[in-house]
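Chemist: Before I ask anything, let me first share the structure, which is written out below as structure tokens.
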Amino acid sequence: MNSPLTEKLFDLLKQVTGYIYPNEIEVHWGILIVVYPYLTGLVAGAFILASLVKVFNVKEVQPAYRLAMLTALAFLLIAPLPLLLHLGHPTRSYEIFLSPNFTSAMAMFGFVYAWYLMVVLILEIWFTYRKDLIVWSQGETGLMRWVHRVVALYSTDISDKAVEFDKKMVKGITIIGIPSAFLLHGYVGFIFGSIKANPWWSSVLMPIVFLFSAIVSGIALVLFLYMVVTPLRKEKIDIKCVDKMASFLFYAVIVDFSLELLDFIHRLYESEESIKILSDLVMNKLFISLGVLQVLLGMLLPLGVMVAIRLFKFEEELRKLLYFVSAILIQIGIFATRWNVVIGGQMFSKSFRGLTAYKMEIGGMEGFLMTLVLLSLPFIVLSILIKVLPPWEKPAKSTTEGGTMERTVIG
Amino acid sequence: MKSFLQKMPDALKRVLAVFVLVAGTAVLVRAVLPASLTDSRLHIKTTVEREMAHPVRYAGSEACADCHEEYKVKQGGYHKNLSCETCHGAAKEHSENPSDLKPKLPRMREFCAGCHTYNPSRPSGFPQVNPAAHNPRKVCIECHNPHDPKPTRTPRECSACHAEIARTKELSPHVQLECTTCHTVPQDHKLIPRSVRATIPSERSFCGKCHSKESGRKEAPKVDILTHGEKYLCWQCHYPHMPEVQ
Amino acid sequence: MERRRFLSKFLSIAASATVVSGFFKRAVASPDGYDPKGHYYGMGIQIDKCIGCGKCVEACKEENNVPKEPFFFRTWVERYVIKKEGETSVQNIDMRIERSNEVFSEKDIVRSFFVPKLCNQCDNPPCVQVCPVGATFKTEDGVILVDDERCIGCRYCIQACPYGARYLHPEKETADKCTFCYHRITKGLLPACVEVCPSQARIFGDVKSSASPLGRFKRMNKLHVLKPSLNTEPKVSYSGLDGEVR
């Protein structure tokens with residue numbers, strides 16, 4: 001009697017080419033570990049976009065500032081879930097806090113995560129929203145009033161001096177926040193980049209490549225969300241805001257592309273022992289996901305579109321459409337990037353003599369459906385967050401009216 | 001101190017209070033937890049103890065020597081370096097309960113063939129046969145005592161000392177040749193082998209007796225002795241006890 | 001089965017709090033008669049002696065409850081065939097998989113040999129470095145062990161091992177690997193693979209002791225380790241290792 005696992009492995013055995021070490025047949029980090037850096041990347045990217053507003057005073061992006069912060073929070077709350085689910089013993093995960101091994105990059109996860117969540121994101125959001133929370137709760141009744149009051153920690157001071165202090169704090173936290181966001185995703189890159197056993201991962205550029213691809217994906221996500229949510233609210237998309245975000249996106253994509261190109265050329269030029277198996281890997285196993293999805297559709301095409309937008313003065317509607325399409329393409333591309341790193345790094349043998357295969361299941365803990373659930377969970381969390389903490393900067397309207405309107409539109 | 005607290009903005013006070021609460025709880029929980037959860041030295045100790053308590057399945061050869069006569073026989077033969085459990089399987093349980101739990105007694109040809117089937121990857125000195133050609137119907141242990149296996153065909157006098165060569169030759173196309181076909185052995189070689197040596201061929205023409213085109217030996221592969229690898233002596237490229245047929 | 005695993009995983013997350021309390025008592029008697037301070041273990045492997053019989057693999061699986069399927073090995077044997085066209089073919093010796101005993105025409109082979117592999121018990125172990133919870137560690141006597149009661153099954157160590165020596169135990173869902181048969185060596189027995197090896201291809205002992213078979217092995221041979229460029233400092237060394245072996 002074979003268990004489903006061994007049956008699957010016997011099946012995979014037929015797809016192995018060349019020689020792999022016998023223990024290597026099982027691809028240990030599956031789709032969930034693809035989702036994890038993808039989600040964290042979105043967090044870091046969205047936060048860095050938001051930080052641009054505060055630190056560099058980019059006024060144009062102000063309308064998307066709060067949305068970006070909430071997006072970062074929503075994705076950060078879900079990010080550890082795929083990690084947890086993939087563990088052989090999720091019930092033992094607390095050990096990472098109780099007896100962490102300080103030489104392990106992964107052990108630092110808990111601390112980096114807690115720092116980022118508690119000290120950076122939540123704090124910044126709290127100071128941003130504090131005044132609004134107080135104002136809202138004054139004009140509300142029932143549950144919402146209580147929620148807002150508790151979230152505001154029962155503070156009531158909305159004097160100019162207090163509001164001024166809030167602003168100062170936000171700016172201060174953002175300044176700590178940018179390196180923290182770099183840390184959060186750079187560290188995820190380090191988890192892979194520091195594995196000397198794996199030549200596909202082992203690269204000093206890995207954390208930086210991760211970081212810039214994170215910024216790309218985060219900006220693209222906020223751009224996408226802003227363009228979806230604003231029409232839903234029956235408001236007008238602020239084209240200046242979208243233009244500015246797109247130009248940031250453009251620069252980020254250029255840096256990301258250059259870094260990845262550098263990595264590629266460097267590997268090819270150094271042509272180390274592993275070069276033969278890695279080129280086999282790219283040509284046979286990753287051709288679609290790397291060549292087509294990541295580079296062509298996810299990077300070159302959006303880059304071309306954005307260059308075209310800069311060269312020719314397209315009209316507003318067309319520009320919006322192109323931005324929208326580019327943002328989606330970039331999301332696909334960055335997801336493919338994560339796939340290529342995580343799955344790609346396990347499809348060749350460390351004997352450099354053969355390739356194995358990865359077969360995603362449909363159901364089950366590490367299957368396709370679970371991935372869909374994990375990818376949609378942040379959006380559900382985000383919609384709840386938007387309900388509780390409406391991120392729209394309201395002009396001098398009556399707050400009660402604004403509050404109820406928000407809820408009817410989103411709900 | 002008091003004035004400092006008073007000067008501190010109200011919002012900051014509230015945030016700090018929450019932080020102190022969270023951090024305090026974390027510190028408190030960490031302090032209350034028992035060492036079995038947090039002390040990695042303790043974890044290492046218990047793991048080592050658990051690992052050491054793992055049951056032994058292979059008893060080791062010394063355990064067999066106490067009861068089994070065959071052990072002594074084995075120690076005198078070619079299988080002297082084999083552990084009993086290499087063939088008889090894990091026998092710790094048998095050593096503790098000798099009458100009830102008997103170890104394996106492999107008698108099939110396939111078992112011996114597992115090690116002694118010819119395989120080009122095996123070291124050349126290791127005794128190997130082609131099971132399809134080597135008395136295919138007989139069980140190995142009919143002719144060879146597994147506790148004292150002996151090769152049966154090579155001329156005893158030479159193989160007594162040159163066992164490895166004899167075994168190698170057994171697998172080679174030269175299997176039919178007597179040692180004396182190529183070597184002349186003075187009687188005294190057996191008494192003082194290092195002082196009185198057997199002869200070894202010194203010229204290409206010696207191999208040519210069988211392998212040149214002019215030779216009458218039909219079964220031997222032929223080469224043009226004048227042009228084939230002319231610079232070299234035959235045995236610089238071909239090992240005569242196992243000449244690779246190219 | 002899959003669904004049950006899924007459910008149980010979910011339930012177990014919910015119940016993690018109760019599991020914490022289960023950790024409180026863990027009493028193990030202290031080991032007597034063995035002092036790890038006096039030892040530092042290593043292994044020597046003589047490529048020229050390995051006959052590729054696979055007895056070591058079998059014995060290891062038997063001794064250590066390694067799952068029988070051909071995807072989980074604490075030790076395994078590779079067969080290398082370097083062919084005339086310069087192409088190298090490698091297989092894992094496993095009687096279950098037909099491909100592993102592929103027959104080559106001798107004419108095409110330049111050289112061929114077997115290479116036993118196992119955890120190298122690195123002195124600078126990358127697996128220990130990356131374990132987030134410190135569940136894998138180096139003992140005083142130099143063996144790398146896994147605490148299967150604390151391993152969280154993240155598989156980072158499996159990724160970090162350059163030799164493919166680790167696997168995730170399919171039932172325990174924790175990382176598993178060669179322990180040099182820690183339960184045997186601490187009782188003065190040999191590791192099971194060394195015990196059953198019929199040709200003394202594996203030599204086990206103390207790396208510091210020179211008056212031992214391992215000491216002799218180190219004096220008499222030119223030695224090499226696997227992937228030295230990674231600076232893992234393996235304590236398993238090979239004699240007669242071919243450059244094709246990775």
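Please note that chains go A, B, ... in the order of the structure tokens, that every chain numbers its residues from 1, and that ligands are numbered from 1 in the order shown.
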Just want the 12 Å neighbourhood of B:Gln236, counted on only C-alpha atoms, with same-chain residues fewer than 4 positions away dropped. Output as a ChimeraX atom specification.
Modeler: /B:202-204,229-232,240,243
Chemist: Give me a file of those residues, with C-alpha atoms, as a tab-separated table (two decimals), in the first residue's frame.
Modeler:
chain	number	residue	atom	x	y	z
B	202	SER	CA	59.33	-8.66	-23.03
B	203	GLU	CA	58.50	-8.26	-26.71
B	204	ARG	CA	55.53	-7.38	-28.84
B	229	GLY	CA	50.21	1.23	-31.43
B	230	GLU	CA	53.75	0.75	-32.71
B	231	LYS	CA	55.49	2.92	-30.12
B	232	TYR	CA	54.20	0.92	-27.20
B	240	PRO	CA	47.16	-9.02	-20.02
B	243	PRO	CA	42.71	-7.43	-21.85
Chemist: Out of stretch 35-235 of chain B, which residues get strand (DSSP E or B) from DSSP, as an MDAnalysis selection string?
Modeler: chainID B and resid 117 129 145 148 212 223
Chemist: So which one's closest to chain B, A:Gly45, A:Gly142, A:Pro100, A:Pro302? Using only C-alpha atoms, please.
Modeler: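 Among the listed residues, A:Pro100 lies closest to chain B.
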Chemist: Give me, as a PyMOL selection string, the contact residues of chain A against chain C at a cut-off of 8 Å, counting only C-alpha atoms.
Modeler: chain A and resi 4-6+9+18-19+21-26+28-29+85-93+95-96+99-108+195-198+350-352+364-365
Chemist: Excluding same-chain residues fewer than 5 positions from stretch 201-218 of chain C, what lies within 7 Å of it counting only C-alpha atoms, as a list in words?
Modeler: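 Here the answer would be His39, Tyr40, Tyr41, Gly42, Met43, Gly44, Ile45, Gln46, Ile47, Lys49, Cys50 and Val194 of chain C.
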Chemist: Quick one: everything within 9 Å of C:Val143, counting only C-alpha atoms, minus sequence neighbours fewer than 3 positions away in the same chain. Send it as a PDB file with C-alpha atoms, in the first residue's frame.
Modeler:
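Generated file (result.pdb):
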ATOM      1  CA  TYR C  40      34.971  12.983  17.416  1.00  0.00           C
ATOM      2  CA  TYR C  41      33.564  10.762  14.721  1.00  0.00           C
ATOM      3  CA  GLY C  42      34.272  10.536  11.037  1.00  0.00           C
ATOM      4  CA  GLN C 121      28.469  15.357   9.242  1.00  0.00           C
ATOM      5  CA  CYS C 122      29.995  18.678   8.223  1.00  0.00           C
ATOM      6  CA  ASP C 123      32.106  20.480  10.752  1.00  0.00           C
ATOM      7  CA  PHE C 137      22.626  20.746  16.057  1.00  0.00           C
ATOM      8  CA  LYS C 138      26.133  19.328  16.323  1.00  0.00           C
ATOM      9  CA  THR C 139      26.804  17.087  19.300  1.00  0.00           C
ATOM     10  CA  GLU C 140      30.003  17.251  21.301  1.00  0.00           C
ATOM     11  CA  THR C 179      23.092  10.034  12.569  1.00  0.00           C
ATOM     12  CA  PHE C 180      26.147   7.783  12.086  1.00  0.00           C
ATOM     13  CA  TYR C 182      24.321   7.442  17.085  1.00  0.00           C
TER      14      TYR C 182
END
Chemist: With distances taken over only C-alpha atoms, which residue among C:Leu226, C:Leu189, C:Ile82, C:Cys178 lies nearest chain B?
Modeler: C:Leu189
Chemist: Set the cut-off to 8 Å and count only C-alpha atoms: what are the residues of chain A that reach chain B? Output as a PyMOL selection string.
Modeler: chain A and resi 95+98-99+153+155+157+162+165-166
Chemist: Using only C-alpha atoms and a cut-off of 7 Å, which residues of chain B sit close to chain C? Please list them as JSON, numbers by chain.
Modeler: {"B": [34, 36, 37, 46, 47, 49, 51, 52, 53, 54, 56, 57, 58, 60, 81, 82, 83, 85, 86, 114, 115, 120, 121, 122, 123, 246]}
Chemist: Skip A:Ile215 itself and residues of its chain fewer than 5 positions away, then list as a PyMOL selection string all residues within 12 Å of it, counting only C-alpha atoms.
Modeler: chain A and resi 38-52+72+178+181-182+184-186+208-210+220-222+245+248-256+330-331+334
Chemist: What is the atom CA of B:Val223-atom CA of C:Val110 distance in Å, reported with one decimal?
Modeler: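 Atom CA of B:Val223 sits 21.1 Å away from atom CA of C:Val110.
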Chemist: Would you please give, as a PyMOL selection string, all residues of stretch 262-387 of chain A that DSSP assigns to alpha helix (DSSP H) based on the backbone?
Modeler: chain A and resi 262-270+275-280+301-311+316-342+368-387
Chemist: Can you tell me how far atom CA of B:Trp235 sits from atom CA of B:Ala198, in Å to one decimal?
Modeler: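 Atom-to-atom, atom CA of B:Trp235 and atom CA of B:Ala198 are spaced 16.8 Å apart.
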Chemist: For B:Cys84, find every residue with an atom within 10 Å (counting only C-alpha atoms), except residues of its own chain fewer than 6 positions away, and show them as a ChimeraX atom specification.
Modeler: /B:58-65,70-71,74,90-91,147 /C:195-196,198
Chemist: Those residues you just picked out, can you put them in a file as a tab-separated table (two decimals), in the first residue's frame with C-alpha atoms?
Modeler:
chain	number	residue	atom	x	y	z
B	58	TYR	CA	22.23	-5.30	14.07
B	59	ALA	CA	24.04	-7.05	16.91
B	60	GLY	CA	27.55	-7.00	15.42
B	61	SER	CA	29.75	-10.01	14.59
B	62	GLU	CA	31.26	-10.44	18.05
B	63	ALA	CA	27.84	-11.36	19.35
B	64	CYS	CA	27.67	-14.33	16.95
B	65	ALA	CA	31.12	-15.67	17.86
B	70	GLU	CA	30.91	-21.22	11.79
B	71	TYR	CA	32.31	-17.93	12.91
B	74	LYS	CA	34.56	-17.81	8.33
B	90	ALA	CA	19.72	-7.98	11.48
B	91	ALA	CA	20.02	-10.39	14.38
B	147	HIS	CA	31.56	-19.51	5.30
C	195	GLU	CA	28.88	-3.31	9.99
C	196	VAL	CA	27.39	-4.98	6.92
C	198	PRO	CA	31.21	-6.83	2.72
Chemist: For a test of reading the model, state the distance in Å between atom CA of A:Ile332 and atom CA of A:Thr371, rounded to one decimal.
Modeler: 14.3 Å
Chemist: Give me, as a PyMOL selection string, all polymer residues having an atom no more than 10 Å from A:Leu81, counting only C-alpha atoms and skipping those fewer than 4 positions away in the same chain.
Modeler: chain A and resi 32+35-36+76-77+85-86+374
Chemist: Write a file of the just-selected residues containing C-alpha atoms, as a PDB file, in the first residue's frame.
Modeler:
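And here is the file that came out, part.pdb:
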ATOM      1  CA  LEU A  32       2.617  28.294  -0.732  1.00  0.00           C
ATOM      2  CA  VAL A  35       2.744  33.032  -2.371  1.00  0.00           C
ATOM      3  CA  TYR A  36       4.640  34.083   0.739  1.00  0.00           C
ATOM      4  CA  LEU A  76       0.960  41.818   5.994  1.00  0.00           C
ATOM      5  CA  LEU A  77      -1.734  40.234   8.150  1.00  0.00           C
ATOM      6  CA  LEU A  85       0.268  26.187   6.505  1.00  0.00           C
ATOM      7  CA  HIS A  86       3.244  24.701   4.727  1.00  0.00           C
ATOM      8  CA  LEU A 374      -4.636  32.789   0.217  1.00  0.00           C
TER       9      LEU A 374
END
